[in-house]
$ cat work.txt   # compact mmCIF, C-alpha atoms and all ligand atoms
# COMPACT_ATOMS: atom_id res chain seq x y z
CA MET Z 1 81.06 115.90 101.75
CA ILE Z 2 82.83 117.14 98.64
CA ARG Z 3 80.92 120.30 97.70
CA THR Z 4 82.16 121.14 94.22
CA ALA Z 5 78.60 120.93 92.85
CA GLN Z 6 77.49 123.82 95.08
CA GLN Z 7 80.47 125.91 93.96
CA LEU Z 8 79.72 125.26 90.31
CA ALA Z 9 76.05 126.07 90.81
CA ARG Z 10 77.12 129.64 91.51
CA LEU Z 11 77.98 129.97 87.82
CA GLY Z 12 75.26 130.58 85.29
CA PRO Z 13 75.17 127.81 82.63
CA ASP Z 14 76.38 130.29 80.00
CA GLU Z 15 79.50 131.14 81.94
CA HIS Z 16 80.91 127.62 81.63
CA ARG Z 17 79.70 127.10 78.09
CA HIS Z 18 83.17 127.37 76.64
CA ILE Z 19 84.58 124.77 79.04
CA THR Z 20 84.53 121.13 78.01
CA ILE Z 21 85.94 118.21 79.93
CA ARG Z 22 87.03 115.03 78.23
CA THR Z 23 89.24 112.07 79.00
CA ALA Z 24 92.82 112.50 77.80
CA VAL Z 25 93.73 110.22 74.90
CA PRO Z 26 97.01 108.51 74.10
CA GLY Z 27 99.44 109.23 71.27
CA CYS Z 28 98.73 111.83 68.62
CA GLN Z 29 94.96 111.48 69.01
CA GLY Z 30 95.04 114.38 71.47
CA GLY Z 31 95.74 116.64 68.51
CA ILE Z 32 96.66 119.67 70.61
CA GLN Z 33 98.40 122.51 68.84
CA ARG Z 34 98.79 124.90 71.73
CA ALA Z 35 101.11 127.83 71.26
CA GLY Z 36 104.22 127.66 73.37
CA LEU Z 37 104.32 123.87 73.60
CA PRO Z 38 107.50 122.48 72.11
CA GLY Z 39 106.62 120.44 69.03
CA GLY Z 40 102.86 120.79 69.72
CA GLY Z 41 100.50 117.83 69.59
CA GLY Z 42 99.28 115.28 72.10
CA ASP Z 43 97.61 115.36 75.50
CA LEU Z 44 100.70 113.77 76.97
CA LYS Z 45 102.79 116.79 76.03
CA PHE Z 46 100.32 119.12 77.67
CA LEU Z 47 100.39 117.12 80.91
CA ASP Z 48 104.15 116.89 80.96
CA HIS Z 49 104.51 120.59 80.17
CA LEU Z 50 102.16 121.64 82.97
CA GLN Z 51 103.58 119.28 85.59
CA LYS Z 52 107.04 120.72 84.90
CA LYS Z 53 105.68 124.26 85.30
CA TYR Z 54 104.33 123.32 88.72
CA SER Z 55 107.28 121.22 89.79
CA ASN Z 56 107.13 122.76 93.28
CA GLN Z 57 103.47 121.83 93.75
CA LEU Z 58 103.07 118.49 91.96
CA GLY Z 59 104.68 115.14 92.61
CA PHE Z 60 106.60 114.51 89.39
CA LEU Z 61 105.51 111.57 87.23
CA PRO Z 62 107.79 110.22 84.49
CA ARG Z 63 106.38 110.28 80.95
CA GLN Z 64 105.82 106.52 81.05
CA ALA Z 65 103.63 106.91 84.14
CA LEU Z 66 101.66 109.70 82.46
CA GLU Z 67 101.22 107.53 79.36
CA TRP Z 68 100.16 104.54 81.48
CA ASN Z 69 97.49 106.64 83.17
CA ILE Z 70 96.26 108.21 79.94
CA GLU Z 71 95.89 104.75 78.38
CA ARG Z 72 93.77 103.62 81.33
CA GLY Z 73 91.49 106.66 81.18
CA ASN Z 74 92.75 108.09 84.49
CA VAL Z 75 93.25 111.64 83.18
CA SER Z 76 90.51 114.23 82.68
CA LEU Z 77 91.31 117.26 80.59
CA ALA Z 78 89.51 120.62 80.75
CA LEU Z 79 89.49 122.60 77.52
CA GLU Z 80 88.78 126.28 77.37
CA ASN Z 81 87.74 127.38 73.90
CA ASP Z 82 88.91 123.96 72.67
CA GLU Z 83 92.40 124.44 74.06
CA PRO Z 84 93.61 122.31 76.98
CA ALA Z 85 93.79 124.44 80.09
CA ALA Z 86 93.82 122.00 83.02
CA TYR Z 87 93.99 118.34 83.94
CA LEU Z 88 93.34 115.97 86.80
CA LEU Z 89 95.01 112.59 87.16
CA GLY Z 90 93.45 110.11 89.57
CA ARG Z 91 92.00 106.66 89.85
CA PRO Z 92 90.02 104.33 92.11
CA GLY Z 93 91.66 101.63 94.22
CA TYR Z 94 93.73 103.62 96.73
CA MET Z 95 94.95 101.41 99.59
CA HIS Z 96 93.70 98.43 97.53
CA ASP Z 97 90.16 99.59 98.26
CA PRO Z 98 87.86 99.85 95.20
CA HIS Z 99 85.75 102.39 97.09
CA PHE Z 100 88.67 104.73 97.74
CA GLY Z 101 89.79 107.08 94.95
CA ILE Z 102 93.04 109.03 94.85
CA ILE Z 103 93.99 112.21 93.02
CA TYR Z 104 97.68 112.22 92.11
CA GLN Z 105 97.87 115.47 90.20
CA ALA Z 106 95.60 118.44 89.45
CA ALA Z 107 96.81 121.51 87.62
CA VAL Z 108 95.29 124.51 85.88
CA SER Z 109 97.30 126.71 83.50
CA TYR Z 110 98.30 129.89 85.23
CA ASP Z 111 96.17 132.15 83.05
CA ALA Z 112 93.05 129.97 83.56
CA GLN Z 113 93.15 129.82 87.37
CA ARG Z 114 90.40 130.99 89.71
CA ARG Z 115 87.65 130.40 87.14
CA LEU Z 116 86.46 127.14 88.74
CA LEU Z 117 88.23 124.90 86.23
CA GLY Z 118 89.88 123.00 89.07
CA THR Z 119 86.52 122.67 90.80
CA ALA Z 120 84.87 121.43 87.59
CA LEU Z 121 87.57 118.78 87.14
CA VAL Z 122 87.15 117.53 90.70
CA GLN Z 123 83.38 117.40 90.18
CA HIS Z 124 83.89 115.46 86.94
CA PHE Z 125 86.18 113.01 88.75
CA VAL Z 126 83.71 112.59 91.61
CA ASP Z 127 80.84 111.96 89.16
CA ARG Z 128 82.86 109.44 87.18
CA LEU Z 129 84.08 107.47 90.19
CA SER Z 130 81.01 107.57 92.35
CA ALA Z 131 78.80 106.19 89.56
CA ALA Z 132 78.09 102.46 89.94
CA GLY Z 133 80.24 100.24 87.72
CA VAL Z 134 83.28 102.47 87.65
CA PRO Z 135 85.26 102.00 84.45
CA GLY Z 136 88.84 101.05 85.11
CA LEU Z 137 88.25 99.21 88.39
CA GLN Z 138 89.24 95.98 86.67
CA SER Z 139 92.69 97.40 86.11
CA VAL Z 140 93.26 97.97 89.83
CA PRO Z 141 95.19 95.05 91.28
CA GLY Z 142 93.46 93.64 94.33
CA ALA Z 143 90.55 96.02 93.90
CA GLY Z 144 88.01 93.33 94.70
CA VAL Z 145 84.68 93.10 92.91
CA PRO Z 146 84.91 95.28 89.79
CA GLY Z 147 82.56 98.20 89.73
CA ALA Z 148 80.81 97.26 92.97
CA GLY Z 149 78.98 100.29 94.22
CA GLY Z 150 81.35 103.10 93.19
CA VAL Z 151 83.83 105.19 95.10
CA LYS Z 152 82.88 106.63 98.49
CA LEU Z 153 86.05 108.42 99.54
CA ILE Z 154 88.55 110.46 97.56
CA GLY Z 155 91.91 111.42 98.98
CA LEU Z 156 95.06 113.23 97.93
CA TRP Z 157 98.41 114.42 99.27
CA CYS Z 158 99.33 118.10 99.15
CA ALA Z 159 102.48 119.88 100.37
CA GLN Z 160 101.57 121.89 103.47
CA ASP Z 161 103.15 125.15 102.28
CA ILE Z 162 101.24 125.72 99.02
CA GLU Z 163 98.04 127.60 98.25
CA ALA Z 164 96.34 124.53 96.76
CA ASN Z 165 95.40 123.48 100.30
CA GLU Z 166 92.86 126.30 100.30
CA PHE Z 167 91.46 124.92 97.06
CA TRP Z 168 90.94 121.41 98.53
CA ASN Z 169 89.43 122.99 101.62
CA SER Z 170 86.99 124.98 99.51
CA CYS Z 171 86.05 121.79 97.61
CA GLY Z 172 84.93 120.21 100.91
CA PHE Z 173 87.92 117.93 101.57
CA GLU Z 174 89.17 117.57 105.15
CA ALA Z 175 92.79 117.46 106.29
CA ILE Z 176 93.02 114.36 108.49
CA ALA Z 177 96.63 113.16 108.36
CA ALA Z 178 100.19 114.16 107.52
CA ARG Z 179 103.59 112.64 106.71
CA HIS Z 180 107.13 113.82 106.11
CA GLY Z 181 108.01 114.78 102.55
CA SER Z 182 111.46 114.28 101.08
CA ARG Z 183 114.45 114.84 103.37
CA ARG Z 184 115.94 117.26 100.83
CA LYS Z 185 112.93 119.59 100.84
CA GLY Z 186 111.99 118.96 104.47
CA ARG Z 187 108.31 119.57 103.78
CA VAL Z 188 105.20 118.13 105.38
CA HIS Z 189 102.51 116.55 103.20
CA ILE Z 190 98.87 116.84 104.20
CA PHE Z 191 96.34 114.11 103.41
CA TRP Z 192 93.00 115.57 102.34
CA VAL Z 193 89.98 113.32 102.02
CA GLY Z 194 86.34 113.86 101.14
CA ARG Z 195 83.13 111.80 100.87
CA THR Z 196 81.45 111.42 97.49
CA PRO Z 197 77.63 111.35 97.26
CA ARG Z 198 77.94 107.53 97.44
CA ALA Z 199 79.11 107.74 101.05
CA SER Z 200 76.92 108.21 104.07
CA ALA Z 201 77.87 110.57 106.86
CA ASN Z 202 78.68 107.46 108.94
CA ASP Z 203 81.40 106.27 106.55
CA PRO Z 204 84.56 107.16 108.44
CA LEU Z 205 87.24 109.24 106.77
CA ARG Z 206 90.36 107.09 106.53
CA TYR Z 207 94.06 107.45 105.81
CA PRO Z 208 96.89 104.96 105.29
CA LYS Z 209 99.03 104.03 108.31
CA GLN Z 210 102.12 104.41 106.15
CA THR Z 211 103.00 105.10 102.55
CA ARG Z 212 105.88 103.84 100.49
CA GLY Z 213 105.27 104.93 96.91
CA GLY Z 214 106.23 108.06 95.04
CA LEU Z 215 109.67 109.30 94.25
CA MET Z 216 111.06 108.59 97.71
CA ARG Z 217 110.47 104.86 97.46
CA GLU Z 218 110.71 104.53 101.20
CA ARG Z 219 108.22 103.80 103.93
CA ARG Z 220 106.89 106.88 105.65
CA ALA Z 221 104.73 106.87 108.76
CA VAL Z 222 101.44 108.76 108.52
CA TYR Z 223 100.27 110.74 111.55
CA GLY Z 224 96.63 111.56 112.23
CA ILE Z 225 95.71 115.24 112.65
CA ALA Z 226 93.65 115.99 115.74
CA PRO Z 227 90.04 116.83 114.76
CA GLY Z 228 89.53 120.56 114.57
CA SER Z 229 93.22 121.33 113.92
CA GLU Z 230 94.18 123.49 110.96
CA TYR Z 231 96.42 121.92 108.30
CA LYS Z 232 98.75 124.92 108.68
CA GLU Z 233 99.34 124.15 112.35
CA VAL Z 234 100.49 120.58 111.82
CA VAL Z 235 103.96 119.93 113.22
CA LEU Z 236 105.34 116.41 112.95
CA PRO Z 237 107.83 114.67 115.21
CA PRO Z 238 111.33 114.75 113.69
CA SER Z 239 111.70 112.26 110.87
CA PRO Z 240 113.59 109.09 111.83
CA PRO Z 241 117.35 109.20 111.20
CA GLU Z 242 118.69 107.75 107.97
CA VAL Z 243 120.55 104.44 108.08
CA ASN Z 244 122.41 103.45 104.91
CA GLY Z 245 120.27 105.80 102.82
CA ARG Z 246 116.99 104.52 104.33
CA THR Z 247 115.06 105.73 107.33
CA ALA Z 248 115.64 103.85 110.57
CA GLN Z 249 111.93 103.17 110.60
CA ALA Z 250 112.13 101.59 107.15
CA SER Z 251 115.22 99.60 108.02
CA SER Z 252 113.83 98.42 111.36
CA ARG Z 253 111.00 96.73 109.48
CA ARG Z 254 113.39 94.82 107.26
CA PRO Z 255 116.47 94.02 109.37
CA ALA Z 256 119.65 93.67 107.37
CA ALA Z 257 120.50 90.00 106.73
CA LYS Z 258 123.28 88.79 109.05
CA ARG Z 259 126.41 88.31 107.02
CA PRO Z 260 128.28 85.08 107.66
CA GLN Z 261 131.66 85.72 109.27
CA ARG Z 262 134.39 85.64 106.65
CA VAL Z 263 136.97 82.88 107.05
CA SER Z 264 140.35 83.47 105.44
CA LEU Z 265 141.47 81.14 102.66
CA ILE Z 266 144.40 79.91 104.76
CA GLU Z 267 142.05 78.98 107.60
CA GLN Z 268 139.77 77.18 105.14
CA GLN Z 269 142.74 75.18 103.77
CA ARG Z 270 143.97 74.30 107.29
CA ALA Z 271 140.51 73.14 108.29
CA PHE Z 272 140.32 70.98 105.21
CA ARG Z 273 143.90 69.65 105.44
CA PHE Z 274 143.63 68.60 109.07
CA GLY Z 275 139.96 67.72 108.98
CA SER Z 276 139.37 69.78 112.10
CA ALA Z 277 136.21 71.32 110.71
CA GLY Z 278 134.58 68.02 109.80
CA HIS Z 279 133.30 69.82 106.70
CA ILE Z 280 134.09 69.62 103.06
CA CYS Z 281 134.34 72.73 100.96
CA VAL Z 282 132.28 72.64 97.77
CA VAL Z 283 132.25 75.46 95.22
CA ILE Z 284 129.21 75.44 92.96
CA ALA Z 285 128.69 78.19 90.40
CA GLY Z 286 131.04 80.47 92.31
CA ALA Z 287 129.24 80.02 95.67
CA THR Z 288 131.24 78.36 98.46
CA ARG Z 289 129.46 75.90 100.75
CA TYR Z 290 130.83 73.82 103.64
CA LEU Z 291 129.04 70.51 103.91
CA PRO Z 292 129.39 68.34 107.03
CA VAL Z 293 131.07 65.02 106.36
CA ALA Z 294 131.91 61.99 108.47
CA PRO Z 295 135.53 62.15 109.79
CA PHE Z 296 137.85 60.67 107.21
CA GLU Z 297 141.55 59.93 106.78
CA MET Z 298 143.38 62.28 104.44
CA PRO Z 299 144.63 60.19 101.45
CA ASP Z 300 148.40 59.98 101.03
CA PHE Z 301 148.83 61.81 97.77
CA THR Z 302 152.52 60.69 97.40
CA ASP Z 303 151.48 57.05 97.40
CA LEU Z 304 148.66 57.81 95.04
CA ALA Z 305 151.03 59.56 92.60
CA ARG Z 306 153.50 56.67 92.76
CA THR Z 307 150.74 54.19 92.09
CA MET Z 308 149.47 56.19 89.13
CA VAL Z 309 152.97 56.53 87.62
CA GLY Z 310 153.41 52.75 88.08
CA VAL Z 311 150.11 52.07 86.38
CA ARG Z 312 151.12 54.20 83.38
CA ALA Z 313 154.58 52.60 83.17
CA ALA Z 314 153.11 49.04 83.22
C1 LIG O 1 95.06 124.42 92.87
C2 LIG O 1 94.43 124.62 91.49
C3 LIG O 1 94.29 123.27 90.81
C4 LIG O 1 93.06 125.25 91.67
O1 LIG O 1 92.42 125.39 90.42
P1 LIG O 1 91.55 126.68 90.05
O2 LIG O 1 90.80 126.37 88.83
O3 LIG O 1 92.42 127.85 90.03
O4 LIG O 1 90.58 126.77 91.32
P2 LIG O 1 89.05 127.23 91.34
O5 LIG O 1 88.85 128.43 90.49
O6 LIG O 1 88.21 126.05 91.03
O7 LIG O 1 88.95 127.61 92.90
C5 LIG O 1 87.82 127.33 93.69
C6 LIG O 1 88.03 127.94 95.05
O8 LIG O 1 89.19 127.36 95.66
C7 LIG O 1 89.87 128.35 96.43
N1 LIG O 1 91.17 128.62 95.83
C8 LIG O 1 91.63 128.21 94.63
N2 LIG O 1 92.89 128.62 94.44
C9 LIG O 1 93.24 129.30 95.54
C10 LIG O 1 94.42 129.99 95.93
N3 LIG O 1 95.51 130.03 95.14
N4 LIG O 1 94.44 130.60 97.12
C11 LIG O 1 93.36 130.56 97.96
N5 LIG O 1 92.21 129.91 97.63
C12 LIG O 1 92.15 129.30 96.44
C13 LIG O 1 89.02 129.60 96.38
O9 LIG O 1 88.10 129.55 97.46
C14 LIG O 1 88.32 129.41 95.05
O10 LIG O 1 87.09 130.10 94.99
P3 LIG O 1 87.13 131.69 94.64
O11 LIG O 1 88.00 131.85 93.44
O12 LIG O 1 85.69 132.00 94.41
O13 LIG O 1 87.72 132.37 95.84
C15 LIG O 1 95.29 125.57 90.62
O14 LIG O 1 95.49 126.76 91.33
C16 LIG O 1 96.65 125.02 90.23
O15 LIG O 1 96.79 124.38 89.20
N6 LIG O 1 97.69 125.29 91.04
C17 LIG O 1 99.06 124.85 90.72
C18 LIG O 1 99.20 123.35 90.82
C19 LIG O 1 98.78 122.83 92.16
O16 LIG O 1 99.08 123.39 93.19
N7 LIG O 1 98.09 121.67 92.15
C20 LIG O 1 97.60 120.99 93.33
C21 LIG O 1 98.66 120.19 93.97
S1 LIG O 1 98.08 119.36 95.42
$ encode --input "work.txt" --output "structure tokens"
Amino acid sequence: MIRTAQQLARLGPDEHRHITIRTAVPGCQGGIQRAGLPGGGGDLKFLDHLQKKYSNQLGFLPRQALEWNIERGNVSLALENDEPAAYLLGRPGYMHDPHFGIIYQAAVSYDAQRRLLGTALVQHFVDRLSAAGVPGLQSVPGAGVPGAGGVKLIGLWCAQDIEANEFWNSCGFEAIAARHGSRRKGRVHIFWVGRTPRASANDPLRYPKQTRGGLMRERRAVYGIAPGSEYKEVVLPPSPPEVNGRTAQASSRRPAAKRPQRVSLIEQQRAFRFGSAGHICVVIAGATRYLPVAPFEMPDFTDLARTMVGVRAA
């Protein structure tokens, strides 16, 4: 079970008085004038600024994707003394399941870390999604009955070699699966998942069999981690070799279409001239097709020309 509430209970109510959490808002409504931010203004700028600072830890999202998520209320912002200090971007509907939430990004400004801001944001997210009638479920394609019963599981991917894994561990998430990261970085990604208060202990923790989103835009197999194993110990089988810029695994699922054997123009003309192919060549909108035809006698074009000249002369 996700145990952020217990962690937060360690703080006296006064200690978190200066922290507020609100949903990020689109456009200039954010109204942030934080020192050091180029141009100032807007929750979007804060998110983009922080994700770039943690480019080694966070999966990069283009500005349009950040905007899209802000507009749909998928971003919670933590403010310390009215200044944005941290954010969490996530939504329900992972694996097309309305009861499965996913956290895509979580980041706390460097100077605000280790003061339970991250924990408070996760708790806020859990509260929001595990409540019945979750706002935003309607916007999840294929999410099923909107708002039915709230989210029971929350998952996220985290690179194996960063400290944030300890954070997810301390929040009560469990590392249950792993996949290869990008070929360039050669990292392993760990899938952490936790039960919300909506779930019962019997609800199994789940992970996708493969993923194909993110920057890599390619299918990646997901491997289960043996119960009791540490996320640090996970070693994956070598990633499948690349074929034409895609993994063999990805390409084996979608075999390349068999190209028709090319026939030279001379061969095509011979086949047509002598009728050996029994096909007629038709070119429509630049595409060549050979249509079967009944055997026919080639017309005598010399006779035809003579006839036509005669017709004109008459
Ligand atoms: C990971 C992150 C969001 C955690 O936020 P935070 O507000 O600093 O974390 P909290 O103060 O709520 O930490 C709660 C507990 O998590 C654990 N924890 C958090 N950060 C940790 C770290 N760097 N190393 C080890 N344990 C850590 C600790 O047990 C901590 O309790 P403690 O401080 O009493 O020891 C923040 O460090 C961050 O933004 N990191 C850079 C971006 C990033 O890695 N994002 C996650 C990508 S998957």
$ atom_distance --input "work.txt" --atom1 "CA of Glu83 (chain Z)" --atom2 "CA of Gln6 (chain Z)"
25.8 Å
$ atom_distance --input "work.txt" --atom1 "CA of Gly12 (chain Z)" --atom2 "atom O12 of ligand LIG 1 (chain O)"
13.9 Å
$ closest_residue --input "work.txt" --among "Z:Thr288, Z:Gln51, Z:Ser182, Z:Ser200" --to "Tyr87 (chain Z)" --atoms "only C-alpha atoms"
Z:Gln51
$ closest_residue --input "work.txt" --among "Z:Val122, Z:Met95, Z:Leu129, Z:Gln7" --to "Thr211 (chain Z)" --atoms "all atoms listed in the file"
Z:Met95
$ closest_residue --input "work.txt" --among "Z:Phe191, Z:Phe167, Z:Phe60, Z:Tyr110" --to "ligand LIG 1 (chain O)" --atoms "only C-alpha atoms and all ligand atoms"
Z:Phe167
$ axis_aligned_box --input "work.txt" --around "ligand LIG 1 (chain O)" --padding-each-side "3 Å" --output "AutoDock Vina command-line options"
--center_x 92.4 --center_y 125.9 --center_z 93.4 --size_x 19.5 --size_y 19.0 --size_z 15.1
$ residues_near_ligand --input "work.txt" --ligand "ligand LIG 1 (chain O)" --cutoff "6 Å" --atoms "all atoms listed in the file" --output "list in words"
Tyr54, Gln57, Leu58, Ala106, Ala107, Val108, Gln113, Arg114, Arg115, Leu116, Leu117, Gly118, Thr119, Cys158, Glu163, Ala164, Glu166, Phe167 and Ser170 of chain Z
$ atom_distance --input "work.txt" --atom1 "CA of Val235 (chain Z)" --atom2 "CA of Ala221 (chain Z)"
13.8 Å
$ residues_around --input "work.txt" --residues "Asn81 (chain Z)" --least-positions-apart "3" --cutoff "9 Å" --atoms "all atoms listed in the file" --output "JSON, numbers by chain"
{"Z": [18, 19, 20, 84]}
$ closest_residue --input "work.txt" --among "Z:Leu88, Z:Ala112, Z:Val126, Z:Ile176" --to "Arg3 (chain Z)" --atoms "only C-alpha atoms"
Z:Val126
$ closest_residue --input "work.txt" --among "Z:Asp82, Z:Gly42, Z:Gln64, Z:Ala120" --to "Leu11 (chain Z)" --atoms "all atoms listed in the file"
Z:Ala120
$ closest_residue --input "work.txt" --among "Z:His180, Z:Arg10, Z:His124, Z:Arg187" --to "Asn56 (chain Z)" --atoms "all atoms listed in the file"
Z:Arg187
$ decode --input "work.txt" --residues "region 184-199 of chain Z" --atoms "N, CA, C and O atoms" --output "tab-separated table (two decimals), in the first residue's frame"
chain	number	residue	atom	x	y	z
Z	184	ARG	N	20.88	4.27	-26.76
Z	184	ARG	CA	21.98	5.22	-26.61
Z	184	ARG	C	22.47	5.27	-25.16
Z	184	ARG	O	23.66	5.24	-24.89
Z	185	LYS	N	21.51	5.30	-24.22
Z	185	LYS	CA	21.91	5.41	-22.81
Z	185	LYS	C	22.15	4.05	-22.18
Z	185	LYS	O	22.85	3.94	-21.18
Z	186	GLY	N	21.56	3.00	-22.77
Z	186	GLY	CA	21.78	1.65	-22.27
Z	186	GLY	C	21.33	1.43	-20.83
Z	186	GLY	O	21.90	0.63	-20.10
Z	187	ARG	N	20.29	2.17	-20.42
Z	187	ARG	CA	19.83	2.03	-19.04
Z	187	ARG	C	18.74	0.98	-18.93
Z	187	ARG	O	18.16	0.55	-19.92
Z	188	VAL	N	18.41	0.66	-17.68
Z	188	VAL	CA	17.26	-0.20	-17.40
Z	188	VAL	C	16.23	0.67	-16.70
Z	188	VAL	O	16.59	1.52	-15.87
Z	189	HIS	N	14.96	0.50	-17.04
Z	189	HIS	CA	13.88	1.23	-16.37
Z	189	HIS	C	13.13	0.27	-15.45
Z	189	HIS	O	12.78	-0.83	-15.86
Z	190	ILE	N	12.86	0.73	-14.26
Z	190	ILE	CA	12.15	-0.09	-13.28
Z	190	ILE	C	10.69	0.37	-13.21
Z	190	ILE	O	10.41	1.57	-13.21
Z	191	PHE	N	9.78	-0.60	-13.18
Z	191	PHE	CA	8.35	-0.25	-13.02
Z	191	PHE	C	7.97	-0.41	-11.56
Z	191	PHE	O	8.05	-1.50	-10.99
Z	192	TRP	N	7.60	0.72	-10.95
Z	192	TRP	CA	7.15	0.73	-9.55
Z	192	TRP	C	5.63	0.84	-9.54
Z	192	TRP	O	5.05	1.62	-10.32
Z	193	VAL	N	5.00	0.10	-8.66
Z	193	VAL	CA	3.54	0.17	-8.58
Z	193	VAL	C	3.11	0.08	-7.12
Z	193	VAL	O	3.79	-0.56	-6.30
Z	194	GLY	N	2.02	0.77	-6.80
Z	194	GLY	CA	1.51	0.73	-5.43
Z	194	GLY	C	-0.01	0.72	-5.42
Z	194	GLY	O	-0.65	1.14	-6.39
Z	195	ARG	N	-0.58	0.18	-4.34
Z	195	ARG	CA	-2.05	0.14	-4.20
Z	195	ARG	C	-2.51	1.42	-3.50
Z	195	ARG	O	-1.89	1.86	-2.53
Z	196	THR	N	-3.61	1.99	-3.97
Z	196	THR	CA	-4.22	3.13	-3.29
Z	196	THR	C	-5.16	2.56	-2.22
Z	196	THR	O	-5.46	1.35	-2.24
Z	197	PRO	N	-5.70	3.41	-1.35
Z	197	PRO	CA	-6.64	2.90	-0.34
Z	197	PRO	C	-7.88	2.25	-0.96
Z	197	PRO	O	-8.61	1.53	-0.29
Z	198	ARG	N	-8.16	2.51	-2.23
Z	198	ARG	CA	-9.29	1.88	-2.93
Z	198	ARG	C	-9.08	0.39	-3.16
Z	198	ARG	O	-10.03	-0.36	-3.36
Z	199	ALA	N	-7.81	-0.02	-3.20
Z	199	ALA	CA	-7.51	-1.42	-3.53
Z	199	ALA	C	-7.56	-2.28	-2.27
Z	199	ALA	O	-7.37	-1.79	-1.16
